[in-house]
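This report concerns only the one structure given below.
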Amino acid sequence: MTVKCSVFIATSVDGFIARPDGDIGWLGEPDENEEDHGYERFMASVDHLVMGRNTFEKVLSFGIPWPYDKPVVVLSSKPLQIDEGLRKSVEQMAGSPQEILGQLAKRGAQHVYLDGGDTIQRFLRAGLVQRLIMTRIPVLLGEGLPLFGTLPQDVRLRHVETQTFSRGLVQTEYEIAHD
């Protein structure tokens with residue numbers, strides 16, 4: 001069984017997912033009257049989330065109830081503190097992207113949401129990402145944590161669709177061209 005891996009992420013126009021210190025305040029506060037930009041539909045299509053330790057810790061820092069109702073795998077080679085209330089839905093794994101997906105496939109995973117810059121980059125380098133949905137926020141940061149890093153070869157993309165939103169956000173969906 002092949003596990004499909006997708007990315008749904010916001011970036012600055014200049015391609016950063018966070019400031020150098022990890023701050024994401026530039027994303028702005030959600031407007032309760034604004035669309036969800038396809039997030040709910042996307043989340044309904046996935047059955048597992050795989051995120052890096054930094055992303056996990058960032059989500060915990062928001063001070064809100066745990067926002068995910070699906071199993072979450074946190075990638076970290078160092079011991080991770082997972083609160084008692086999250087242990088039923090959050091677990092730690094370490095290993096290569098292929099090993100992680102192999103473990104998830106054995107559990108019946110079919111569609112995984114990849115989150116976090118390092119995690120996305122690792123899975124892209126391994127050739128395991130099938131779909132990218134990137135929402136560009138109309139801001140230039142000038143420096144920060146980039147969404148993409150070095151790759152062993154070009155990654156060809158097939159454009160699926162582009163949408164614009166009232167606040168100036170531009171969302172583009174691509175499929176990875178595995179020719």
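The chains in the structure tokens are called A, B, ... from first to last as shown; in each chain the residues are counted from 1, and the ligands are counted from 1 in the order shown.
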
Next item on the list: Mind checking which residues fall within 12 Å of Arg87 (chain A), counting only C-alpha atoms, ignoring those fewer than 5 positions away in the same chain, and posting them as a PyMOL selection string?
Entry: chain A and resi 66+71-74+80-82+92

C-alpha atoms of the current selection, written as a CSV table (one decimal), in the first residue's frame:
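File part-v3.csv, as written:
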chain,number,residue,atom,x,y,z
A,66,TRP,CA,-5.3,20.4,20.9
A,71,PRO,CA,-3.4,10.6,15.0
A,72,VAL,CA,-0.3,12.8,15.1
A,73,VAL,CA,3.2,11.5,14.7
A,74,VAL,CA,6.0,13.9,16.0
A,80,LEU,CA,9.7,14.1,23.8
A,81,GLN,CA,7.4,15.1,26.6
A,82,ILE,CA,3.8,14.3,25.6
A,92,GLN,CA,6.9,10.1,18.8

Next item on the list: Determine which residues of region 4-120 of chain A receive a DSSP assignment of strand (DSSP E or B), computed from the backbone, and state them as a VMD selection string.
Entry: chain A and resid 4 to 12 16 to 18 48 to 52 72 to 75 90 to 93 111 to 115

List every residue of region 9-49 of chain A that DSSP, applied to the backbone, labels as helix (DSSP H, G or I), and write the result as an mmCIF file with N, CA and C atoms, in the first residue's frame.
data_model
loop_
_atom_site.group_PDB
_atom_site.id
_atom_site.type_symbol
_atom_site.label_atom_id
_atom_site.label_comp_id
_atom_site.auth_asym_id
_atom_site.auth_seq_id
_atom_site.Cartn_x
_atom_site.Cartn_y
_atom_site.Cartn_z
ATOM 1 N N GLY A 25 3.740 35.213 13.940
ATOM 2 C CA GLY A 25 2.752 36.263 14.150
ATOM 3 C C GLY A 25 2.378 37.010 12.885
ATOM 4 N N TRP A 26 3.267 37.038 11.907
ATOM 5 C CA TRP A 26 3.010 37.710 10.630
ATOM 6 C C TRP A 26 1.862 37.067 9.844
ATOM 7 N N LEU A 27 1.468 35.845 10.225
ATOM 8 C CA LEU A 27 0.345 35.198 9.542
ATOM 9 C C LEU A 27 -0.951 35.959 9.771
ATOM 10 N N TYR A 39 -8.897 24.587 4.249
ATOM 11 C CA TYR A 39 -8.261 23.783 5.295
ATOM 12 C C TYR A 39 -9.168 22.659 5.805
ATOM 13 N N GLU A 40 -10.424 22.961 6.080
ATOM 14 C CA GLU A 40 -11.335 21.927 6.613
ATOM 15 C C GLU A 40 -11.506 20.782 5.618
ATOM 16 N N ARG A 41 -11.663 21.129 4.346
ATOM 17 C CA ARG A 41 -11.799 20.089 3.311
ATOM 18 C C ARG A 41 -10.525 19.251 3.232
ATOM 19 N N PHE A 42 -9.369 19.935 3.282
ATOM 20 C CA PHE A 42 -8.100 19.220 3.249
ATOM 21 C C PHE A 42 -7.987 18.277 4.452
ATOM 22 N N MET A 43 -8.275 18.789 5.649
ATOM 23 C CA MET A 43 -8.170 17.965 6.860
ATOM 24 C C MET A 43 -9.095 16.754 6.805
ATOM 25 N N ALA A 44 -10.247 16.915 6.183
ATOM 26 C CA ALA A 44 -11.175 15.787 6.053
ATOM 27 C C ALA A 44 -10.606 14.696 5.149
ATOM 28 N N SER A 45 -9.638 15.044 4.303
ATOM 29 C CA SER A 45 -9.070 14.076 3.364
ATOM 30 C C SER A 45 -7.886 13.287 3.936
#

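One finds CA of Glu175 (chain A) at 8.8 Å from CA of Ile133 (chain A).
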
Item checked: All residues 7 Å or closer to Thr11 (chain A), only C-alpha atoms, same chain fewer than 3 positions away omitted, as number ranges by chain -> A: 15-17, 134-137

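Atom pair CA of Lys70 (chain A) / CA of Ser12 (chain A) has a distance of 27.4 Å (rounded to one decimal).
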
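Distances here use only C-alpha atoms; by that measure, the residue among A:Ala126, A:Cys5, A:Ala18, A:Val170 closest to Gly144 (chain A) is A:Ala18.
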
Check: Given the choices A:Gly22, A:Pro79, A:Pro97, A:Gly168, which gets closest to Thr119 (chain A) if the distance is worked out from only C-alpha atoms?
Finding: A:Pro97
